[in-house]
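**Student:** Structure provided below as structure tokens; questions to follow.
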Amino acid sequence: MASGIQMGALQEHSREELEHFRSGDEAAFEALFRRHQRAVFGWILRIVRDPGTAEDLTMETFLHIHRARLRFDPARDFEPWARRIATHAAVDWLRARRPETPMPDEYLAEVASPPEPDPALTAETRRGVLLALGRLPPRLRVAALLAVVEERPHKEVASALGITTAAVKLRVFRAMRRLRTDLEQQGIKP
Amino acid sequence: MKMQGTEKSEQGTDRIELLLRKTIPPVGEGHEPPHDLWPALQARLSAEPPHPARLPSVPWFDWALAACLALFALLFPAAVPMLLYYL
């Protein structure tokens, strides 16, 4: 019971804070930034896989959040809204990159724990997969990275991309089909 | 026959998913920016020109329609009650 009351007070405080943020209060914005910057940074990192870029895009995301504050509904959760803006910023960054840029292999070691070595997986196959992934259109690449590599729930990916769960499944399926075709064209049998 | 084709396609997709997971390690949880981003963000916010949070903009077509209606009301004031009746 006590925890229920505490939770209610916390939510009320949070709602009040969101109202302050919406009205342009810098202290409320700073509090929100400090509470959510880690989650936003981590989410962007999952897409761009480069800490420096993720840092820049985190700042871009919060600048956008600040500019768009009047469109935010304080009755709703802040984090899904922020995640959606962050996803759009990351997808725009992927679009702006030179097409056919392979996935940055060197960054992977920096941000992620290396996978278990698989003797069946040759360096050539690895290079081929990274190249094929880099050739995917950004909207398919993001769906594949978040749903397959990061194993995020389809519902969460759908919310971040602003599409339905069925559309996420379709994008993942299309991404896998394109990857298979690309690998076959490279002479790699998956 | 069609069922077999679908199963084959799903198996192929599963193989690619597995290959992708083996090739690319997940970033996972627990990453945070290497340093505090707030001072830099604050500097960028103050460097921006005063930017009133924008209200949803009205499309030009709506403005043109409103101007036409206003002109119509000025030219034919007798038609205003009829116009209001049909609104």
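A note on labels: chains of the structure tokens are A, B, ... as shown, every chain counts residues from 1, and ligands are counted from 1 in their shown order.
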What residues in chain B have any atom no more than 10 Å from chain A when counting only C-alpha atoms, and can you write them as a compact mmCIF listing (two decimals) with N, CA and C atoms, in the first residue's frame?

**Tutor:**
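result_34.txt was written with the following content:
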```
# COMPACT_ATOMS: atom_id res chain seq x y z
N SER B 9 11.69 -21.41 -47.61
CA SER B 9 12.01 -19.99 -47.53
C SER B 9 12.24 -19.57 -46.07
N GLU B 10 11.38 -20.10 -45.16
CA GLU B 10 11.54 -19.76 -43.74
C GLU B 10 12.84 -20.31 -43.17
N GLY B 12 15.54 -20.77 -44.89
CA GLY B 12 16.60 -19.92 -45.45
C GLY B 12 16.73 -18.64 -44.64
N THR B 13 15.58 -18.06 -44.27
CA THR B 13 15.57 -16.84 -43.48
C THR B 13 16.18 -17.09 -42.11
N ASP B 14 15.83 -18.21 -41.51
CA ASP B 14 16.40 -18.57 -40.19
C ASP B 14 17.91 -18.71 -40.27
N ARG B 15 18.39 -19.31 -41.35
CA ARG B 15 19.85 -19.49 -41.50
C ARG B 15 20.55 -18.14 -41.59
N ILE B 16 19.94 -17.21 -42.32
CA ILE B 16 20.54 -15.87 -42.45
C ILE B 16 20.54 -15.17 -41.10
N GLU B 17 19.44 -15.31 -40.36
CA GLU B 17 19.36 -14.68 -39.04
C GLU B 17 20.47 -15.21 -38.13
N LEU B 18 20.68 -16.50 -38.20
CA LEU B 18 21.72 -17.13 -37.38
C LEU B 18 23.12 -16.63 -37.78
N LEU B 19 23.32 -16.55 -39.09
CA LEU B 19 24.60 -16.07 -39.61
C LEU B 19 24.86 -14.63 -39.18
N LEU B 20 23.79 -13.83 -39.22
CA LEU B 20 23.90 -12.42 -38.82
C LEU B 20 24.28 -12.31 -37.34
N ARG B 21 23.66 -13.15 -36.52
CA ARG B 21 23.94 -13.11 -35.07
C ARG B 21 25.37 -13.56 -34.79
N LYS B 22 25.85 -14.54 -35.59
CA LYS B 22 27.22 -15.03 -35.37
C LYS B 22 28.24 -14.00 -35.81
N THR B 23 27.88 -13.24 -36.86
CA THR B 23 28.84 -12.28 -37.42
C THR B 23 28.89 -10.99 -36.62
N ILE B 24 27.70 -10.51 -36.22
CA ILE B 24 27.65 -9.20 -35.55
C ILE B 24 27.27 -9.38 -34.09
N PRO B 25 28.16 -9.04 -33.20
CA PRO B 25 27.82 -9.16 -31.77
C PRO B 25 26.82 -8.07 -31.38
N PRO B 26 25.87 -8.40 -30.51
CA PRO B 26 24.93 -7.35 -30.08
C PRO B 26 25.63 -6.32 -29.20
N VAL B 27 25.19 -5.10 -29.30
CA VAL B 27 25.75 -4.03 -28.46
C VAL B 27 25.32 -4.24 -27.01
N GLY B 28 24.06 -4.65 -26.86
CA GLY B 28 23.55 -4.98 -25.52
C GLY B 28 23.30 -3.77 -24.64
N GLU B 29 23.13 -4.05 -23.36
CA GLU B 29 22.75 -3.02 -22.38
C GLU B 29 23.99 -2.38 -21.74
N GLY B 30 23.75 -1.34 -20.99
CA GLY B 30 24.76 -0.80 -20.09
C GLY B 30 25.77 0.16 -20.68
N HIS B 31 25.53 0.64 -21.91
CA HIS B 31 26.48 1.60 -22.48
C HIS B 31 26.04 3.02 -22.14
N GLU B 32 27.01 3.84 -21.88
CA GLU B 32 26.67 5.24 -21.61
C GLU B 32 27.67 6.17 -22.28
N PRO B 33 27.26 7.41 -22.49
CA PRO B 33 28.19 8.35 -23.15
C PRO B 33 29.49 8.44 -22.35
N PRO B 34 30.62 8.59 -23.08
CA PRO B 34 31.91 8.61 -22.38
C PRO B 34 32.08 9.79 -21.43
N HIS B 35 31.34 10.86 -21.66
CA HIS B 35 31.42 12.01 -20.73
C HIS B 35 30.06 12.69 -20.66
N ASP B 36 29.95 13.65 -19.75
CA ASP B 36 28.69 14.35 -19.55
C ASP B 36 28.38 15.21 -20.78
N LEU B 37 27.26 14.97 -21.40
CA LEU B 37 26.91 15.70 -22.63
C LEU B 37 26.14 16.99 -22.35
N TRP B 38 25.71 17.15 -21.10
CA TRP B 38 24.86 18.31 -20.78
C TRP B 38 25.52 19.65 -21.09
N ALA B 40 27.75 20.56 -23.26
CA ALA B 40 27.79 20.79 -24.72
C ALA B 40 26.38 21.05 -25.26
N LEU B 41 25.41 20.31 -24.73
CA LEU B 41 24.02 20.50 -25.19
C LEU B 41 23.51 21.89 -24.79
N GLN B 42 23.86 22.27 -23.57
CA GLN B 42 23.44 23.58 -23.06
C GLN B 42 24.04 24.70 -23.92
N ARG B 44 24.90 24.46 -27.04
CA ARG B 44 24.22 24.48 -28.34
C ARG B 44 22.83 25.10 -28.24
N LEU B 45 22.18 24.86 -27.12
CA LEU B 45 20.85 25.45 -26.92
C LEU B 45 20.94 26.96 -26.82
N GLU B 48 21.66 28.70 -30.18
CA GLU B 48 20.56 28.74 -31.16
C GLU B 48 19.83 30.06 -31.03
N HIS B 51 14.15 30.39 -30.24
CA HIS B 51 13.36 29.49 -31.07
C HIS B 51 12.07 29.14 -30.33
N PRO B 52 11.04 29.96 -30.52
CA PRO B 52 9.82 29.61 -29.81
C PRO B 52 9.35 28.24 -30.29
N ALA B 53 8.99 27.41 -29.35
CA ALA B 53 8.51 26.08 -29.73
C ALA B 53 7.36 26.28 -30.71
N ARG B 54 7.55 25.72 -31.90
CA ARG B 54 6.61 25.98 -32.97
C ARG B 54 5.25 25.31 -32.77
N LEU B 55 4.21 26.09 -33.05
CA LEU B 55 2.87 25.50 -33.03
C LEU B 55 2.65 24.86 -34.40
N PRO B 56 1.74 23.91 -34.49
CA PRO B 56 1.50 23.29 -35.80
C PRO B 56 1.18 24.36 -36.83
```

**Student:** Show me, as number ranges by chain, the residues that have an atom within 9 Å of segment 77-94 of chain A when counting only C-alpha atoms, minus same-chain residues fewer than 3 positions from it.

**Tutor:** A: 18, 32, 36, 39-41, 43-45, 47-48, 53-54, 57-58, 60-62, 64-65, 72-74, 97-99, 137-139, 142, 156, 159-162

**Student:** So which residues touch Leu69 of chain B within 12 Å, counting only C-alpha atoms, skipping near sequence neighbours fewer than 5 positions away, as a list in words?

**Tutor:**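 The neighbour list is Asp62, Trp63, Ala64, Leu74, Leu75, Phe76, Pro77, Ala79, Val80, Leu83 and Leu84 of chain B.
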
**Student:** Go ahead and compute the interatomic distance for atom CA of Leu140 of chain A and atom CA of Arg171 of chain A, in Å to one decimal.

**Tutor:**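 It comes out at 5.5 Å.
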